[in-house]
>>> print(open('entry-v3.cif').read())   # mmCIF, C-alpha atoms
data_work
#
loop_
_atom_site.label_atom_id
_atom_site.label_comp_id
_atom_site.auth_asym_id
_atom_site.auth_seq_id
_atom_site.Cartn_x
_atom_site.Cartn_y
_atom_site.Cartn_z
CA MET A 1 -15.50 31.49 -37.12
CA ARG A 2 -16.17 29.52 -33.96
CA ASN A 3 -17.73 26.07 -34.26
CA PRO A 4 -21.24 26.37 -32.71
CA PHE A 5 -21.16 22.68 -31.72
CA SER A 6 -17.91 22.81 -29.76
CA LYS A 7 -18.02 22.66 -25.99
CA THR A 8 -17.89 25.97 -24.18
CA TYR A 9 -16.38 26.38 -20.74
CA THR A 10 -17.08 28.69 -17.84
CA GLU A 11 -14.64 31.40 -16.86
CA ALA A 12 -13.64 29.34 -13.79
CA GLU A 13 -12.92 26.31 -16.02
CA GLU A 14 -10.92 28.47 -18.43
CA ASN A 15 -8.90 29.81 -15.48
CA MET A 16 -8.28 26.24 -14.29
CA PHE A 17 -7.09 25.22 -17.79
CA HIS A 18 -4.67 28.15 -17.77
CA PHE A 19 -3.39 27.11 -14.33
CA LEU A 20 -3.08 23.42 -15.31
CA GLY A 21 -1.33 24.32 -18.56
CA GLN A 22 1.56 25.74 -16.52
CA ILE A 23 2.08 22.45 -14.67
CA LYS A 24 4.51 19.93 -16.18
CA PHE A 25 2.17 16.94 -16.16
CA PHE A 26 -0.72 18.82 -17.81
CA GLU A 27 1.16 21.07 -20.25
CA ASN A 28 0.54 18.85 -23.30
CA LEU A 29 -3.17 18.30 -22.68
CA LYS A 30 -5.95 20.07 -24.54
CA ASP A 31 -8.68 21.89 -22.63
CA LYS A 32 -11.18 19.08 -23.18
CA GLU A 33 -8.63 16.60 -21.79
CA MET A 34 -7.91 18.78 -18.75
CA ALA A 35 -11.67 19.10 -18.19
CA ARG A 36 -11.76 15.39 -17.32
CA PHE A 37 -9.79 16.12 -14.13
CA ILE A 38 -11.93 18.99 -12.82
CA PRO A 39 -14.67 16.87 -11.18
CA ALA A 40 -11.98 14.88 -9.32
CA MET A 41 -10.21 17.93 -7.87
CA HIS A 42 -10.45 18.75 -4.18
CA HIS A 43 -9.22 22.06 -2.78
CA ARG A 44 -7.47 21.72 0.56
CA LYS A 45 -5.87 24.31 2.83
CA TYR A 46 -2.81 23.55 4.96
CA VAL A 47 -0.89 25.50 7.60
CA LYS A 48 2.83 25.84 8.35
CA ASP A 49 4.60 22.64 9.48
CA GLU A 50 1.69 20.43 8.42
CA VAL A 51 2.83 17.24 6.70
CA VAL A 52 1.00 16.50 3.45
CA PHE A 53 2.40 12.96 3.33
CA PHE A 54 5.35 10.97 4.61
CA SER A 55 8.03 9.07 2.75
CA LYS A 56 7.03 5.45 2.13
CA ASP A 57 3.28 6.24 2.34
CA PRO A 58 1.18 4.83 -0.52
CA SER A 59 0.92 7.36 -3.37
CA GLN A 60 -2.75 8.20 -3.17
CA ALA A 61 -2.93 11.63 -4.83
CA LEU A 62 -1.26 14.20 -7.07
CA TYR A 63 -0.95 17.68 -5.52
CA LEU A 64 -1.05 20.97 -7.43
CA VAL A 65 0.07 24.12 -5.63
CA LYS A 66 -2.39 27.04 -5.87
CA SER A 67 -0.54 29.02 -3.19
CA GLY A 68 2.15 28.53 -0.59
CA ASP A 69 5.50 26.79 -0.36
CA ILE A 70 6.15 23.10 0.17
CA SER A 71 9.44 21.48 1.08
CA LEU A 72 10.13 17.98 -0.22
CA THR A 73 12.49 16.24 2.17
CA ILE A 74 14.26 12.92 2.51
CA ASP A 75 15.34 11.25 5.72
CA VAL A 76 19.12 11.26 6.09
CA LYS A 77 20.02 9.45 9.30
CA ASP A 78 18.20 11.42 12.01
CA ASN A 79 17.68 14.60 9.94
CA PHE A 80 15.45 15.77 7.12
CA GLU A 81 17.25 17.10 4.07
CA THR A 82 15.34 19.32 1.66
CA ILE A 83 15.67 18.09 -1.90
CA LEU A 84 13.28 20.55 -3.54
CA GLU A 85 11.09 23.57 -2.74
CA ILE A 86 7.75 23.61 -4.55
CA LYS A 87 5.79 26.82 -5.25
CA ARG A 88 2.62 28.02 -6.96
CA GLY A 89 2.01 26.44 -10.34
CA GLU A 90 4.03 23.31 -9.58
CA ALA A 91 3.01 19.76 -8.71
CA PHE A 92 4.32 17.09 -6.37
CA GLY A 93 3.32 13.55 -5.53
CA GLU A 94 3.94 12.71 -9.17
CA ASN A 95 4.43 9.01 -8.53
CA SER A 96 0.66 8.82 -7.95
CA LEU A 97 0.51 8.64 -11.75
CA ILE A 98 2.02 5.15 -11.38
CA GLU A 99 0.06 2.24 -9.96
CA ASN A 100 1.09 0.77 -6.57
CA ALA A 101 3.82 3.36 -5.95
CA LYS A 102 5.07 4.58 -2.57
CA ARG A 103 6.21 8.09 -1.70
CA THR A 104 9.95 8.70 -2.03
CA TYR A 105 9.98 11.89 0.02
CA THR A 106 8.07 13.70 2.78
CA ALA A 107 6.08 16.82 1.80
CA LEU A 108 5.97 19.58 4.42
CA ILE A 109 4.24 22.98 4.30
CA VAL A 110 6.85 25.70 4.96
CA SER A 111 4.78 28.85 4.29
CA ASP A 112 2.25 30.20 6.79
CA GLU A 113 -0.57 28.76 4.65
CA ALA A 114 -0.88 26.75 1.47
CA GLU A 115 -3.76 25.88 -0.82
CA LEU A 116 -3.40 22.66 -2.75
CA ILE A 117 -5.55 20.98 -5.34
CA VAL A 118 -5.66 17.26 -4.65
CA ILE A 119 -6.41 14.76 -7.42
CA PRO A 120 -6.90 11.26 -6.00
CA HIS A 121 -4.96 8.38 -7.53
CA PHE A 122 -8.13 6.35 -8.22
CA ALA A 123 -9.59 9.26 -10.24
CA ILE A 124 -6.38 9.60 -12.25
CA GLN A 125 -6.42 5.87 -13.00
CA GLU A 126 -10.09 6.02 -14.10
CA ILE A 127 -9.24 8.85 -16.50
CA PHE A 128 -6.21 6.91 -17.77
CA ASP A 129 -8.29 3.74 -18.26
CA SER A 130 -10.95 5.57 -20.26
CA ASN A 131 -8.60 7.77 -22.28
CA PRO A 132 -5.24 6.23 -23.30
CA LYS A 133 -4.19 9.46 -25.08
CA ILE A 134 -4.32 11.40 -21.82
CA LYS A 135 -2.35 8.65 -20.12
CA ALA A 136 0.27 8.63 -22.89
CA LYS A 137 0.73 12.40 -22.73
CA MET A 138 0.99 12.49 -18.95
CA MET A 139 3.31 9.48 -18.76
CA THR A 140 5.55 11.13 -21.37
CA SER A 141 5.65 14.25 -19.15
CA LEU A 142 6.44 12.05 -16.15
CA ALA A 143 9.28 10.35 -18.04
CA GLU A 144 10.68 13.77 -19.01
CA TYR A 145 10.41 14.91 -15.38
CA TYR A 146 12.25 11.81 -14.12
CA ASN A 147 14.88 12.23 -16.84
CA GLN A 148 15.51 15.82 -15.69
CA ASN A 149 15.79 14.58 -12.10
CA ASN A 150 18.33 11.93 -13.16
CA GLN A 151 20.38 14.56 -14.98
CA ARG A 152 20.39 16.76 -11.84
CA LEU A 153 21.35 13.74 -9.71
CA PHE A 154 24.29 12.84 -11.95
CA ARG A 155 25.43 16.47 -12.13
CA SER A 156 25.26 16.70 -8.33
CA TYR A 157 27.21 13.46 -8.05
CA ARG A 158 29.96 14.72 -10.37
CA GLU A 159 30.15 18.04 -8.50
CA SER A 160 30.33 16.35 -5.09
CA PHE A 161 33.33 14.25 -6.17
CA GLY A 162 31.41 11.05 -5.59
CA PHE A 163 30.84 11.31 -1.84
CA PHE A 164 27.91 8.93 -2.10
CA SER A 165 27.70 5.58 -3.78
CA LEU A 166 25.94 6.06 -7.08
CA ARG A 167 26.07 2.31 -7.58
CA GLN A 168 23.46 1.85 -4.83
CA MET A 169 20.94 3.68 -7.00
CA PHE A 170 21.00 0.83 -9.52
CA GLU A 171 20.95 -2.13 -7.14
#
>>> encode(input="entry-v3.cif", output="structure tokens")
Amino acid sequence: MRNPFSKTYTEAEENMFHFLGQIKFFENLKDKEMARFIPAMHHRKYVKDEVVFFSKDPSQALYLVKSGDISLTIDVKDNFETILEIKRGEAFGENSLIENAKRTYTALIVSDEAELIVIPHFAIQEIFDSNPKIKAKMMTSLAEYYNQNNQRLFRSYRESFGFFSLRQMFE
């Protein structure tokens, strides 16, 4: 039997919880925890070749992909090298979960159109400050994400026969 005193959610909120539950940084949150983010979300449409943010910009928001494709690139000499393609149901700008962070890559729209949900850094920090459990769950997800990235980096290094200096990563 359903508790008559528990919070009920609209169909749109339930759909948003389902969408958020597929995204790495939200997958361990309960509906009532995810609900804290909904008022802070802004829907934004982008077009092909539009830059969402540049490398070294302040990390001011987390981006969730509702539709479209985004290329995350790094500057290598005079060229941009794609390090990851992001699609529907994924997030980028994850270092906005950390205070005073700068972007490590440039995010570029590569599909004809893209719809992103933008969650400002200040809103994330307010939620973290008022609910340490949410912060702990999301920071654990962030640590897991960074650990997976490190594993991919080391695997790539081993497979490339060490053509770049891994030592520089730790200096």
>>> residues_around(input="entry-v3.cif", residues="Ala114 in chain A", least_positions_apart="2", cutoff="8 Å", atoms="all atoms listed in the file", output="MDAnalysis selection string")
chainID A and resid 45:48 65:69 109 111:112 116
>>> closest_residue(input="entry-v3.cif", among="A:Val76, A:Val51, A:Ala91, A:Met34", to="Lys133 in chain A", atoms="all atoms listed in the file")
A:Met34
>>> atom_distance(input="entry-v3.cif", atom1="CA of Phe25 in chain A", atom2="CA of Glu81 in chain A")
25.2 Å
>>> closest_residue(input="entry-v3.cif", among="A:Asn95, A:Gln22, A:Thr73, A:Asn79", to="Pro58 in chain A", atoms="only C-alpha atoms")
A:Asn95
>>> atom_distance(input="entry-v3.cif", atom1="CA of Thr140 in chain A", atom2="CA of Ser156 in chain A")
24.3 Å
>>> atom_distance(input="entry-v3.cif", atom1="CA of Phe80 in chain A", atom2="CA of Phe53 in chain A")
13.9 Å
>>> resolve_selection(input="entry-v3.cif", expression="the PyMOL selection byres ((chain A and resi 123) around 12)", output="list in words")
Arg36, Phe37, Ile38, Pro39, Ala40, Met41, His42, Gln60, Ala61, Leu62, Ser96, Leu97, Glu99, Val118, Ile119, Pro120, His121, Phe122, Ile124, Gln125, Glu126, Ile127, Phe128, Asp129 and Ser130 of chain A
>>> closest_residue(input="entry-v3.cif", among="A:Lys77, A:Leu142, A:Lys56, A:Asn147", to="Phe92 in chain A", atoms="only C-alpha atoms")
A:Leu142
>>> axis_aligned_box(input="entry-v3.cif", around="range 26-44 of chain A", padding_each_side="3 Å", output="JSON")
{"center_x": -6.8, "center_y": 18.5, "center_z": -12.0, "size_x": 21.8, "size_y": 13.2, "size_z": 31.1}
>>> closest_residue(input="entry-v3.cif", among="A:Ile134, A:Ala143, A:Leu153, A:Leu108", to="Lys32 in chain A", atoms="only C-alpha atoms")
A:Ile134
>>> closest_residue(input="entry-v3.cif", among="A:Gln151, A:Ser59, A:Asn15, A:Asn131", to="Ile98 in chain A", atoms="all atoms listed in the file")
A:Ser59
>>> residues_around(input="entry-v3.cif", residues="Asp57 in chain A", least_positions_apart="4", cutoff="9 Å", atoms="all atoms listed in the file", output="list in words")
Phe53, Ala101, Lys102, Arg103, Thr104 and Thr106 of chain A
>>> closest_residue(input="entry-v3.cif", among="A:Glu27, A:Glu144, A:Glu14, A:Glu90", to="Tyr63 in chain A", atoms="all atoms listed in the file")
A:Glu90
>>> residues_near_point(input="entry-v3.cif", point="(12.8, 20.5, 0.3)", cutoff="8 Å", atoms="all atoms listed in the file", output="number ranges by chain")
A: 70-73, 81-86, 107
>>> residues_around(input="entry-v3.cif", residues="Lys7 in chain A", least_positions_apart="5", cutoff="12 Å", atoms="all atoms listed in the file", output="PDB file with C-alpha atoms, in the coordinates of the input")
ATOM      1  CA  ARG A   2     -16.170  29.520 -33.960  1.00  0.00           C
ATOM      2  CA  GLU A  13     -12.920  26.310 -16.020  1.00  0.00           C
ATOM      3  CA  GLU A  14     -10.920  28.470 -18.430  1.00  0.00           C
ATOM      4  CA  ASP A  31      -8.680  21.890 -22.630  1.00  0.00           C
ATOM      5  CA  LYS A  32     -11.180  19.080 -23.180  1.00  0.00           C
ATOM      6  CA  GLU A  33      -8.630  16.600 -21.790  1.00  0.00           C
ATOM      7  CA  ALA A  35     -11.670  19.100 -18.190  1.00  0.00           C
TER       8      ALA A  35
END
>>> decode(input="entry-v3.cif", residues="range 13-48 of chain A", atoms="N, CA, C and O atoms", output="PDB file, in the first residue's frame")
ATOM      1  N   GLU A  13       7.934  15.372 -13.972  1.00  0.00           N
ATOM      2  CA  GLU A  13       8.997  15.138 -12.985  1.00  0.00           C
ATOM      3  C   GLU A  13       9.436  13.683 -12.997  1.00  0.00           C
ATOM      4  O   GLU A  13      10.642  13.397 -12.951  1.00  0.00           O
ATOM      5  N   GLU A  14       8.477  12.769 -13.085  1.00  0.00           N
ATOM      6  CA  GLU A  14       8.811  11.337 -13.156  1.00  0.00           C
ATOM      7  C   GLU A  14       9.665  11.042 -14.389  1.00  0.00           C
ATOM      8  O   GLU A  14      10.634  10.278 -14.313  1.00  0.00           O
ATOM      9  N   ASN A  15       9.321  11.661 -15.521  1.00  0.00           N
ATOM     10  CA  ASN A  15      10.120  11.482 -16.743  1.00  0.00           C
ATOM     11  C   ASN A  15      11.535  12.028 -16.553  1.00  0.00           C
ATOM     12  O   ASN A  15      12.510  11.436 -17.021  1.00  0.00           O
ATOM     13  N   MET A  16      11.641  13.173 -15.861  1.00  0.00           N
ATOM     14  CA  MET A  16      12.961  13.753 -15.604  1.00  0.00           C
ATOM     15  C   MET A  16      13.776  12.831 -14.691  1.00  0.00           C
ATOM     16  O   MET A  16      14.974  12.641 -14.912  1.00  0.00           O
ATOM     17  N   PHE A  17      13.142  12.242 -13.684  1.00  0.00           N
ATOM     18  CA  PHE A  17      13.859  11.316 -12.790  1.00  0.00           C
ATOM     19  C   PHE A  17      14.380  10.117 -13.580  1.00  0.00           C
ATOM     20  O   PHE A  17      15.502   9.667 -13.359  1.00  0.00           O
ATOM     21  N   HIS A  18      13.551   9.624 -14.503  1.00  0.00           N
ATOM     22  CA  HIS A  18      13.980   8.495 -15.331  1.00  0.00           C
ATOM     23  C   HIS A  18      15.196   8.897 -16.174  1.00  0.00           C
ATOM     24  O   HIS A  18      16.174   8.159 -16.277  1.00  0.00           O
ATOM     25  N   PHE A  19      15.124  10.081 -16.783  1.00  0.00           N
ATOM     26  CA  PHE A  19      16.241  10.587 -17.588  1.00  0.00           C
ATOM     27  C   PHE A  19      17.493  10.762 -16.728  1.00  0.00           C
ATOM     28  O   PHE A  19      18.579  10.298 -17.088  1.00  0.00           O
ATOM     29  N   LEU A  20      17.360  11.422 -15.581  1.00  0.00           N
ATOM     30  CA  LEU A  20      18.519  11.656 -14.699  1.00  0.00           C
ATOM     31  C   LEU A  20      19.117  10.343 -14.200  1.00  0.00           C
ATOM     32  O   LEU A  20      20.337  10.228 -14.066  1.00  0.00           O
ATOM     33  N   GLY A  21      18.269   9.374 -13.921  1.00  0.00           N
ATOM     34  CA  GLY A  21      18.739   8.085 -13.413  1.00  0.00           C
ATOM     35  C   GLY A  21      19.651   7.355 -14.369  1.00  0.00           C
ATOM     36  O   GLY A  21      20.408   6.463 -13.975  1.00  0.00           O
ATOM     37  N   GLN A  22      19.636   7.731 -15.645  1.00  0.00           N
ATOM     38  CA  GLN A  22      20.503   7.117 -16.648  1.00  0.00           C
ATOM     39  C   GLN A  22      21.869   7.800 -16.717  1.00  0.00           C
ATOM     40  O   GLN A  22      22.773   7.312 -17.384  1.00  0.00           O
ATOM     41  N   ILE A  23      21.995   8.947 -16.057  1.00  0.00           N
ATOM     42  CA  ILE A  23      23.226   9.729 -16.131  1.00  0.00           C
ATOM     43  C   ILE A  23      24.124   9.394 -14.942  1.00  0.00           C
ATOM     44  O   ILE A  23      23.675   9.378 -13.804  1.00  0.00           O
ATOM     45  N   LYS A  24      25.384   9.139 -15.221  1.00  0.00           N
ATOM     46  CA  LYS A  24      26.358   8.686 -14.225  1.00  0.00           C
ATOM     47  C   LYS A  24      26.278   9.435 -12.895  1.00  0.00           C
ATOM     48  O   LYS A  24      26.242   8.830 -11.847  1.00  0.00           O
ATOM     49  N   PHE A  25      26.229  10.740 -12.926  1.00  0.00           N
ATOM     50  CA  PHE A  25      26.337  11.518 -11.689  1.00  0.00           C
ATOM     51  C   PHE A  25      25.054  11.525 -10.866  1.00  0.00           C
ATOM     52  O   PHE A  25      25.059  11.927  -9.709  1.00  0.00           O
ATOM     53  N   PHE A  26      23.951  11.070 -11.456  1.00  0.00           N
ATOM     54  CA  PHE A  26      22.657  11.061 -10.763  1.00  0.00           C
ATOM     55  C   PHE A  26      22.151   9.648 -10.475  1.00  0.00           C
ATOM     56  O   PHE A  26      21.151   9.483  -9.793  1.00  0.00           O
ATOM     57  N   GLU A  27      22.833   8.641 -10.979  1.00  0.00           N
ATOM     58  CA  GLU A  27      22.315   7.269 -10.940  1.00  0.00           C
ATOM     59  C   GLU A  27      22.085   6.719  -9.534  1.00  0.00           C
ATOM     60  O   GLU A  27      21.254   5.839  -9.356  1.00  0.00           O
ATOM     61  N   ASN A  28      22.776   7.252  -8.530  1.00  0.00           N
ATOM     62  CA  ASN A  28      22.617   6.738  -7.165  1.00  0.00           C
ATOM     63  C   ASN A  28      21.678   7.582  -6.301  1.00  0.00           C
ATOM     64  O   ASN A  28      21.515   7.314  -5.121  1.00  0.00           O
ATOM     65  N   LEU A  29      21.066   8.601  -6.917  1.00  0.00           N
ATOM     66  CA  LEU A  29      20.171   9.471  -6.157  1.00  0.00           C
ATOM     67  C   LEU A  29      18.742   8.944  -6.188  1.00  0.00           C
ATOM     68  O   LEU A  29      18.292   8.367  -7.170  1.00  0.00           O
ATOM     69  N   LYS A  30      18.023   9.195  -5.113  1.00  0.00           N
ATOM     70  CA  LYS A  30      16.599   8.869  -5.043  1.00  0.00           C
ATOM     71  C   LYS A  30      15.820   9.991  -5.726  1.00  0.00           C
ATOM     72  O   LYS A  30      16.323  11.096  -5.905  1.00  0.00           O
ATOM     73  N   ASP A  31      14.562   9.699  -6.061  1.00  0.00           N
ATOM     74  CA  ASP A  31      13.732  10.702  -6.729  1.00  0.00           C
ATOM     75  C   ASP A  31      13.677  12.009  -5.947  1.00  0.00           C
ATOM     76  O   ASP A  31      13.806  13.087  -6.514  1.00  0.00           O
ATOM     77  N   LYS A  32      13.496  11.916  -4.642  1.00  0.00           N
ATOM     78  CA  LYS A  32      13.380  13.152  -3.853  1.00  0.00           C
ATOM     79  C   LYS A  32      14.696  13.936  -3.852  1.00  0.00           C
ATOM     80  O   LYS A  32      14.683  15.152  -3.732  1.00  0.00           O
ATOM     81  N   GLU A  33      15.821  13.247  -4.016  1.00  0.00           N
ATOM     82  CA  GLU A  33      17.113  13.939  -4.113  1.00  0.00           C
ATOM     83  C   GLU A  33      17.260  14.590  -5.494  1.00  0.00           C
ATOM     84  O   GLU A  33      17.719  15.727  -5.600  1.00  0.00           O
ATOM     85  N   MET A  34      16.855  13.872  -6.535  1.00  0.00           N
ATOM     86  CA  MET A  34      16.916  14.432  -7.882  1.00  0.00           C
ATOM     87  C   MET A  34      15.990  15.639  -8.000  1.00  0.00           C
ATOM     88  O   MET A  34      16.302  16.590  -8.728  1.00  0.00           O
ATOM     89  N   ALA A  35      14.886  15.613  -7.290  1.00  0.00           N
ATOM     90  CA  ALA A  35      13.908  16.707  -7.354  1.00  0.00           C
ATOM     91  C   ALA A  35      14.530  18.039  -6.942  1.00  0.00           C
ATOM     92  O   ALA A  35      14.090  19.097  -7.398  1.00  0.00           O
ATOM     93  N   ARG A  36      15.558  17.999  -6.117  1.00  0.00           N
ATOM     94  CA  ARG A  36      16.224  19.232  -5.685  1.00  0.00           C
ATOM     95  C   ARG A  36      16.863  19.984  -6.847  1.00  0.00           C
ATOM     96  O   ARG A  36      17.036  21.196  -6.796  1.00  0.00           O
ATOM     97  N   PHE A  37      17.234  19.260  -7.910  1.00  0.00           N
ATOM     98  CA  PHE A  37      17.908  19.873  -9.053  1.00  0.00           C
ATOM     99  C   PHE A  37      16.937  20.487 -10.070  1.00  0.00           C
ATOM    100  O   PHE A  37      17.319  21.373 -10.836  1.00  0.00           O
ATOM    101  N   ILE A  38      15.703  20.017 -10.089  1.00  0.00           N
ATOM    102  CA  ILE A  38      14.755  20.443 -11.129  1.00  0.00           C
ATOM    103  C   ILE A  38      14.563  21.963 -11.195  1.00  0.00           C
ATOM    104  O   ILE A  38      14.617  22.534 -12.289  1.00  0.00           O
ATOM    105  N   PRO A  39      14.377  22.663 -10.069  1.00  0.00           N
ATOM    106  CA  PRO A  39      14.197  24.120 -10.190  1.00  0.00           C
ATOM    107  C   PRO A  39      15.421  24.848 -10.754  1.00  0.00           C
ATOM    108  O   PRO A  39      15.293  25.954 -11.290  1.00  0.00           O
ATOM    109  N   ALA A  40      16.590  24.251 -10.673  1.00  0.00           N
ATOM    110  CA  ALA A  40      17.829  24.887 -11.139  1.00  0.00           C
ATOM    111  C   ALA A  40      18.120  24.613 -12.609  1.00  0.00           C
ATOM    112  O   ALA A  40      19.022  25.215 -13.187  1.00  0.00           O
ATOM    113  N   MET A  41      17.363  23.716 -13.224  1.00  0.00           N
ATOM    114  CA  MET A  41      17.644  23.299 -14.598  1.00  0.00           C
ATOM    115  C   MET A  41      17.144  24.323 -15.609  1.00  0.00           C
ATOM    116  O   MET A  41      16.036  24.843 -15.495  1.00  0.00           O
ATOM    117  N   HIS A  42      17.992  24.576 -16.611  1.00  0.00           N
ATOM    118  CA  HIS A  42      17.633  25.449 -17.727  1.00  0.00           C
ATOM    119  C   HIS A  42      17.786  24.651 -19.012  1.00  0.00           C
ATOM    120  O   HIS A  42      18.814  24.003 -19.213  1.00  0.00           O
ATOM    121  N   HIS A  43      16.785  24.687 -19.865  1.00  0.00           N
ATOM    122  CA  HIS A  43      16.863  23.998 -21.150  1.00  0.00           C
ATOM    123  C   HIS A  43      17.406  24.979 -22.175  1.00  0.00           C
ATOM    124  O   HIS A  43      16.934  26.111 -22.271  1.00  0.00           O
ATOM    125  N   ARG A  44      18.403  24.528 -22.937  1.00  0.00           N
ATOM    126  CA  ARG A  44      19.038  25.412 -23.905  1.00  0.00           C
ATOM    127  C   ARG A  44      19.246  24.650 -25.199  1.00  0.00           C
ATOM    128  O   ARG A  44      19.651  23.485 -25.184  1.00  0.00           O
ATOM    129  N   LYS A  45      18.946  25.306 -26.316  1.00  0.00           N
ATOM    130  CA  LYS A  45      19.150  24.700 -27.637  1.00  0.00           C
ATOM    131  C   LYS A  45      20.402  25.288 -28.282  1.00  0.00           C
ATOM    132  O   LYS A  45      20.668  26.487 -28.149  1.00  0.00           O
ATOM    133  N   TYR A  46      21.134  24.425 -28.960  1.00  0.00           N
ATOM    134  CA  TYR A  46      22.369  24.804 -29.644  1.00  0.00           C
ATOM    135  C   TYR A  46      22.278  24.336 -31.095  1.00  0.00           C
ATOM    136  O   TYR A  46      21.494  23.446 -31.418  1.00  0.00           O
ATOM    137  N   VAL A  47      23.116  24.899 -31.942  1.00  0.00           N
ATOM    138  CA  VAL A  47      23.185  24.486 -33.349  1.00  0.00           C
ATOM    139  C   VAL A  47      24.606  24.015 -33.668  1.00  0.00           C
ATOM    140  O   VAL A  47      25.544  24.286 -32.925  1.00  0.00           O
ATOM    141  N   LYS A  48      24.724  23.333 -34.796  1.00  0.00           N
ATOM    142  CA  LYS A  48      26.007  22.761 -35.229  1.00  0.00           C
ATOM    143  C   LYS A  48      27.128  23.804 -35.189  1.00  0.00           C
ATOM    144  O   LYS A  48      26.930  24.955 -35.559  1.00  0.00           O
TER     145      LYS A  48
END
